[in-house]
>>> print(open('start.cif').read())   # mmCIF, C-alpha atoms
data_model
loop_
_atom_site.group_PDB
_atom_site.id
_atom_site.type_symbol
_atom_site.label_atom_id
_atom_site.label_comp_id
_atom_site.auth_asym_id
_atom_site.auth_seq_id
_atom_site.Cartn_x
_atom_site.Cartn_y
_atom_site.Cartn_z
ATOM 1 C CA MET D 10 41.161 -89.937 -37.321
ATOM 2 C CA ASN D 11 43.079 -91.782 -40.042
ATOM 3 C CA PHE D 12 46.602 -93.072 -39.606
ATOM 4 C CA ASP D 13 49.048 -94.421 -42.138
ATOM 5 C CA ASN D 14 49.289 -97.951 -40.747
ATOM 6 C CA ASP D 15 52.583 -98.710 -42.502
ATOM 7 C CA LEU D 16 54.131 -95.566 -41.055
ATOM 8 C CA VAL D 17 52.910 -96.391 -37.540
ATOM 9 C CA VAL D 18 54.117 -100.008 -37.806
ATOM 10 C CA GLY D 19 57.523 -98.814 -39.048
ATOM 11 C CA LYS D 20 57.897 -96.394 -36.164
ATOM 12 C CA LEU D 21 56.880 -99.037 -33.636
ATOM 13 C CA ARG D 22 59.409 -101.507 -35.068
ATOM 14 C CA ARG D 23 62.215 -98.907 -34.849
ATOM 15 C CA TRP D 24 61.183 -98.123 -31.269
ATOM 16 C CA GLU D 25 61.149 -101.860 -30.449
ATOM 17 C CA LYS D 26 64.684 -102.311 -31.838
ATOM 18 C CA PHE D 27 65.892 -99.303 -29.891
ATOM 19 C CA LEU D 28 64.356 -100.556 -26.622
ATOM 20 C CA ALA D 29 65.746 -104.051 -27.136
ATOM 21 C CA ALA D 30 69.268 -102.629 -27.472
ATOM 22 C CA TYR D 31 68.983 -99.904 -24.797
ATOM 23 C CA ARG D 32 70.816 -100.419 -21.501
ATOM 24 C CA LEU D 33 71.158 -98.238 -18.450
ATOM 25 C CA PRO D 34 74.824 -97.582 -17.667
ATOM 26 C CA GLU D 35 76.614 -100.082 -15.476
ATOM 27 C CA TRP D 36 77.841 -98.876 -12.086
ATOM 28 C CA ASP D 37 81.469 -98.642 -13.226
ATOM 29 C CA ALA D 38 80.469 -96.626 -16.306
ATOM 30 C CA ILE D 39 79.026 -93.828 -14.162
ATOM 31 C CA PRO D 40 81.617 -91.086 -13.529
ATOM 32 C CA ASP D 41 83.091 -91.225 -10.041
ATOM 33 C CA PHE D 42 84.405 -87.680 -9.859
ATOM 34 C CA GLY D 43 82.639 -84.481 -8.921
ATOM 35 C CA LEU D 44 80.357 -83.048 -11.582
ATOM 36 C CA TYR D 45 78.592 -79.714 -11.396
ATOM 37 C CA MET D 46 74.836 -79.440 -11.800
ATOM 38 C CA GLU D 47 74.819 -78.608 -15.540
ATOM 39 C CA GLN D 48 77.174 -81.502 -16.254
ATOM 40 C CA VAL D 49 74.871 -83.845 -14.339
ATOM 41 C CA VAL D 50 71.830 -82.610 -16.275
ATOM 42 C CA GLN D 51 73.615 -83.211 -19.603
ATOM 43 C CA LEU D 52 74.810 -86.656 -18.524
ATOM 44 C CA LEU D 53 71.322 -87.684 -17.429
ATOM 45 C CA LYS D 54 69.901 -86.597 -20.777
ATOM 46 C CA GLN D 55 72.301 -89.054 -22.421
ATOM 47 C CA TYR D 56 71.543 -91.858 -19.974
ATOM 48 C CA LEU D 57 67.791 -91.386 -20.255
ATOM 49 C CA SER D 58 67.698 -91.341 -24.042
ATOM 50 C CA TYR D 59 65.063 -94.108 -24.077
ATOM 51 C CA LEU D 60 62.286 -91.588 -23.525
ATOM 52 C CA PRO D 61 60.011 -90.955 -26.521
ATOM 53 C CA PRO D 62 60.742 -87.774 -28.518
ATOM 54 C CA GLY D 63 57.650 -86.029 -27.134
ATOM 55 C CA LEU D 64 58.983 -86.350 -23.599
ATOM 56 C CA LYS D 65 62.557 -85.495 -24.548
ATOM 57 C CA GLN D 66 61.570 -82.075 -25.820
ATOM 58 C CA SER D 67 60.290 -81.115 -22.410
ATOM 59 C CA GLN D 68 63.013 -81.081 -19.809
ATOM 60 C CA THR D 69 63.579 -84.669 -18.678
ATOM 61 C CA ILE D 70 65.584 -83.491 -15.719
ATOM 62 C CA THR D 71 66.300 -79.985 -14.528
ATOM 63 C CA SER D 72 68.501 -78.462 -11.876
ATOM 64 C CA ALA D 73 65.345 -77.411 -10.018
ATOM 65 C CA ALA D 74 64.118 -81.018 -10.007
ATOM 66 C CA ILE D 75 67.469 -82.256 -8.676
ATOM 67 C CA ASN D 76 67.384 -79.612 -5.932
ATOM 68 C CA ASN D 77 63.867 -80.773 -5.023
ATOM 69 C CA TYR D 78 65.001 -84.413 -4.807
ATOM 70 C CA VAL D 79 67.747 -83.359 -2.391
ATOM 71 C CA ARG D 80 65.319 -81.209 -0.382
ATOM 72 C CA MET D 81 62.812 -84.104 -0.230
ATOM 73 C CA LYS D 82 65.683 -86.365 0.920
ATOM 74 C CA LEU D 83 65.190 -88.704 -2.040
ATOM 75 C CA MET D 84 68.959 -88.590 -2.494
ATOM 76 C CA PRO D 85 72.008 -87.313 -0.624
ATOM 77 C CA ALA D 86 73.047 -83.684 -0.884
ATOM 78 C CA PRO D 87 75.947 -82.825 -3.185
ATOM 79 C CA GLU D 88 79.401 -82.441 -1.710
ATOM 80 C CA LYS D 89 80.631 -78.852 -2.201
ATOM 81 C CA LYS D 90 78.154 -78.439 -5.104
ATOM 82 C CA LYS D 91 79.549 -81.531 -6.853
ATOM 83 C CA TYR D 92 77.743 -84.757 -7.644
ATOM 84 C CA ASN D 93 79.472 -88.139 -7.788
ATOM 85 C CA ARG D 94 78.551 -91.694 -8.803
ATOM 86 C CA ILE D 95 76.155 -92.214 -5.885
ATOM 87 C CA HIS D 96 74.191 -89.071 -6.763
ATOM 88 C CA ILE D 97 73.977 -89.966 -10.442
ATOM 89 C CA ALA D 98 72.858 -93.533 -9.650
ATOM 90 C CA TYR D 99 70.094 -92.148 -7.427
ATOM 91 C CA LEU D 100 69.057 -89.709 -10.154
ATOM 92 C CA ILE D 101 68.909 -92.428 -12.826
ATOM 93 C CA MET D 102 66.696 -94.562 -10.601
ATOM 94 C CA ILE D 103 64.483 -91.623 -9.593
ATOM 95 C CA CYS D 104 64.017 -90.458 -13.189
ATOM 96 C CA ALA D 105 63.157 -93.961 -14.392
ATOM 97 C CA LEU D 106 60.773 -94.638 -11.508
ATOM 98 C CA LYS D 107 58.980 -91.298 -11.686
ATOM 99 C CA GLN D 108 57.565 -92.314 -15.063
ATOM 100 C CA SER D 109 55.138 -94.571 -13.186
ATOM 101 C CA LEU D 110 55.396 -93.862 -9.438
ATOM 102 C CA THR D 111 54.725 -90.901 -7.184
ATOM 103 C CA MET D 112 57.545 -89.218 -5.290
ATOM 104 C CA SER D 113 56.270 -90.574 -1.967
ATOM 105 C CA GLU D 114 56.320 -94.112 -3.399
ATOM 106 C CA ILE D 115 59.864 -93.593 -4.687
ATOM 107 C CA GLN D 116 60.883 -92.320 -1.239
ATOM 108 C CA LYS D 117 59.735 -95.616 0.253
ATOM 109 C CA ILE D 118 61.663 -97.789 -2.220
ATOM 110 C CA LEU D 119 64.882 -95.764 -2.383
ATOM 111 C CA PRO D 120 66.053 -95.073 1.131
ATOM 112 C CA ASN D 121 68.481 -92.189 1.561
ATOM 113 C CA GLY D 122 71.595 -92.547 3.692
ATOM 114 C CA LEU D 123 72.886 -95.802 2.224
ATOM 115 C CA THR D 124 76.594 -96.587 2.080
ATOM 116 C CA GLU D 125 78.296 -96.621 -1.320
ATOM 117 C CA ASP D 126 78.241 -100.447 -1.357
ATOM 118 C CA GLU D 127 74.512 -100.462 -0.573
ATOM 119 C CA VAL D 128 73.809 -97.915 -3.314
ATOM 120 C CA LYS D 129 75.896 -99.990 -5.740
ATOM 121 C CA LYS D 130 73.935 -103.173 -4.918
ATOM 122 C CA THR D 131 70.619 -101.328 -5.152
ATOM 123 C CA TYR D 132 71.566 -99.721 -8.468
ATOM 124 C CA GLU D 133 72.840 -102.975 -9.984
ATOM 125 C CA ALA D 134 69.642 -104.780 -8.939
ATOM 126 C CA PHE D 135 67.611 -101.916 -10.416
ATOM 127 C CA VAL D 136 69.493 -102.113 -13.739
ATOM 128 C CA ASP D 137 69.019 -105.903 -13.880
ATOM 129 C CA GLN D 138 65.302 -105.573 -13.166
ATOM 130 C CA TYR D 139 64.953 -102.725 -15.643
ATOM 131 C CA THR D 140 66.702 -104.748 -18.360
ATOM 132 C CA ASP D 141 64.516 -107.796 -17.673
ATOM 133 C CA SER D 142 61.381 -105.627 -17.821
ATOM 134 C CA ALA D 143 62.457 -104.137 -21.157
ATOM 135 C CA ARG D 144 62.965 -107.630 -22.598
ATOM 136 C CA VAL D 145 59.459 -108.641 -21.543
ATOM 137 C CA PHE D 146 58.035 -105.450 -23.024
ATOM 138 C CA VAL D 147 59.581 -105.991 -26.477
ATOM 139 C CA SER D 148 59.038 -109.767 -26.593
#
>>> encode(input="start.cif", output="structure tokens")
Amino acid sequence: MNFDNDLVVGKLRRWEKFLAAYRLPEWDAIPDFGLYMEQVVQLLKQYLSYLPPGLKQSQTITSAAINNYVRMKLMPAPEKKKYNRIHIAYLIMICALKQSLTMSEIQKILPNGLTEDEVKKTYEAFVDQYTDSARVFVS
């Protein structure tokens, strides 16, 4: 199998620049008003834009997946079919972690039933760790 090395190197350099600049949203940037399922799915697609094109074409996150996360108690249930900042923060962490961990492992690291302050601290620590890991990866 022959590859055009210059083409591959160019693509890897563009990907490296993208990853170096990519940031998960800060806590305050996540909407804090009720969103319906389809709005959440669209928002998560924007937030999780770091995924390679091959993975983006398949559904990154679906309403069925979100319903399963609620059913598995990986995250709190929506309030009157609306999702707020806490739900979206959980979903960002779950989607990022599921790239390398099983659902049972994620369940152990992300306890459900946290207060908003605890979720905020957990999410902010996750974003910091995620950012540090990305820097190591592209260095």
>>> axis_aligned_box(input="start.cif", around="stretch 12-15 of chain D", padding_each_side="5 Å", output="JSON")
{"center_x": 49.6, "center_y": -95.9, "center_z": -41.1, "size_x": 16.0, "size_y": 15.6, "size_z": 12.9}
>>> resolve_selection(input="start.cif", expression="the PyMOL selection byres ((chain D and resi 87) around 10)", output="number ranges by chain")
D: 43-46, 76, 79, 84-86, 88-93, 95-96
>>> write_last_selection(input="start.cif", atoms="C-alpha atoms", output="compact mmCIF listing (two decimals), in the frame of the given file")
# COMPACT_ATOMS: atom_id res chain seq x y z
CA GLY D 43 82.64 -84.48 -8.92
CA LEU D 44 80.36 -83.05 -11.58
CA TYR D 45 78.59 -79.71 -11.40
CA MET D 46 74.84 -79.44 -11.80
CA ASN D 76 67.38 -79.61 -5.93
CA VAL D 79 67.75 -83.36 -2.39
CA MET D 84 68.96 -88.59 -2.49
CA PRO D 85 72.01 -87.31 -0.62
CA ALA D 86 73.05 -83.68 -0.88
CA GLU D 88 79.40 -82.44 -1.71
CA LYS D 89 80.63 -78.85 -2.20
CA LYS D 90 78.15 -78.44 -5.10
CA LYS D 91 79.55 -81.53 -6.85
CA TYR D 92 77.74 -84.76 -7.64
CA ASN D 93 79.47 -88.14 -7.79
CA ILE D 95 76.16 -92.21 -5.88
CA HIS D 96 74.19 -89.07 -6.76
>>> closest_residue(input="start.cif", among="D:Trp36, D:Ser109, D:Leu21, D:Leu57", to="D:Asp126", atoms="all atoms listed in the file")
D:Trp36
>>> closest_residue(input="start.cif", among="D:Glu47, D:Glu125, D:Asp37, D:Glu133", to="D:Met102", atoms="all atoms listed in the file")
D:Glu133
>>> closest_residue(input="start.cif", among="D:Ile70, D:Thr131, D:Gly19, D:Gly122", to="D:Gln108", atoms="all atoms listed in the file")
D:Ile70
>>> build_atoms(input="start.cif", residues="stretch 85-99 of chain D", atoms="N, CA, C and O atoms", output="tab-separated table (two decimals), in the frame of the given file")
chain	number	residue	atom	x	y	z
D	85	PRO	N	71.11	-88.12	-1.46
D	85	PRO	CA	72.01	-87.31	-0.62
D	85	PRO	C	72.31	-85.95	-1.25
D	85	PRO	O	72.22	-85.77	-2.46
D	86	ALA	N	72.67	-85.02	-0.42
D	86	ALA	CA	73.05	-83.68	-0.88
D	86	ALA	C	74.41	-83.75	-1.58
D	86	ALA	O	75.23	-84.61	-1.26
D	87	PRO	N	74.64	-82.85	-2.53
D	87	PRO	CA	75.95	-82.82	-3.18
D	87	PRO	C	77.04	-82.43	-2.20
D	87	PRO	O	76.75	-81.84	-1.16
D	88	GLU	N	78.26	-82.78	-2.55
D	88	GLU	CA	79.40	-82.44	-1.71
D	88	GLU	C	80.12	-81.26	-2.35
D	88	GLU	O	80.69	-81.38	-3.42
D	89	LYS	N	80.05	-80.10	-1.69
D	89	LYS	CA	80.63	-78.85	-2.20
D	89	LYS	C	80.14	-78.56	-3.63
D	89	LYS	O	80.92	-78.26	-4.52
D	90	LYS	N	78.83	-78.70	-3.83
D	90	LYS	CA	78.15	-78.44	-5.10
D	90	LYS	C	78.56	-79.40	-6.21
D	90	LYS	O	78.33	-79.15	-7.39
D	91	LYS	N	79.15	-80.53	-5.85
D	91	LYS	CA	79.55	-81.53	-6.85
D	91	LYS	C	78.82	-82.84	-6.59
D	91	LYS	O	78.59	-83.23	-5.45
D	92	TYR	N	78.48	-83.50	-7.69
D	92	TYR	CA	77.74	-84.76	-7.64
D	92	TYR	C	78.66	-85.88	-8.11
D	92	TYR	O	79.35	-85.74	-9.12
D	93	ASN	N	78.64	-87.02	-7.40
D	93	ASN	CA	79.47	-88.14	-7.79
D	93	ASN	C	78.61	-89.33	-8.21
D	93	ASN	O	77.41	-89.19	-8.43
D	94	ARG	N	79.22	-90.49	-8.30
D	94	ARG	CA	78.55	-91.69	-8.80
D	94	ARG	C	77.28	-92.02	-8.02
D	94	ARG	O	76.26	-92.38	-8.60
D	95	ILE	N	77.33	-91.89	-6.71
D	95	ILE	CA	76.16	-92.21	-5.88
D	95	ILE	C	74.98	-91.31	-6.27
D	95	ILE	O	73.86	-91.78	-6.46
D	96	HIS	N	75.25	-90.02	-6.41
D	96	HIS	CA	74.19	-89.07	-6.76
D	96	HIS	C	73.59	-89.40	-8.13
D	96	HIS	O	72.37	-89.39	-8.30
D	97	ILE	N	74.45	-89.69	-9.08
D	97	ILE	CA	73.98	-89.97	-10.44
D	97	ILE	C	73.17	-91.26	-10.47
D	97	ILE	O	72.14	-91.34	-11.14
D	98	ALA	N	73.62	-92.28	-9.72
D	98	ALA	CA	72.86	-93.53	-9.65
D	98	ALA	C	71.47	-93.28	-9.07
D	98	ALA	O	70.46	-93.76	-9.61
D	99	TYR	N	71.40	-92.50	-7.98
D	99	TYR	CA	70.09	-92.15	-7.43
D	99	TYR	C	69.24	-91.43	-8.47
D	99	TYR	O	68.06	-91.74	-8.64
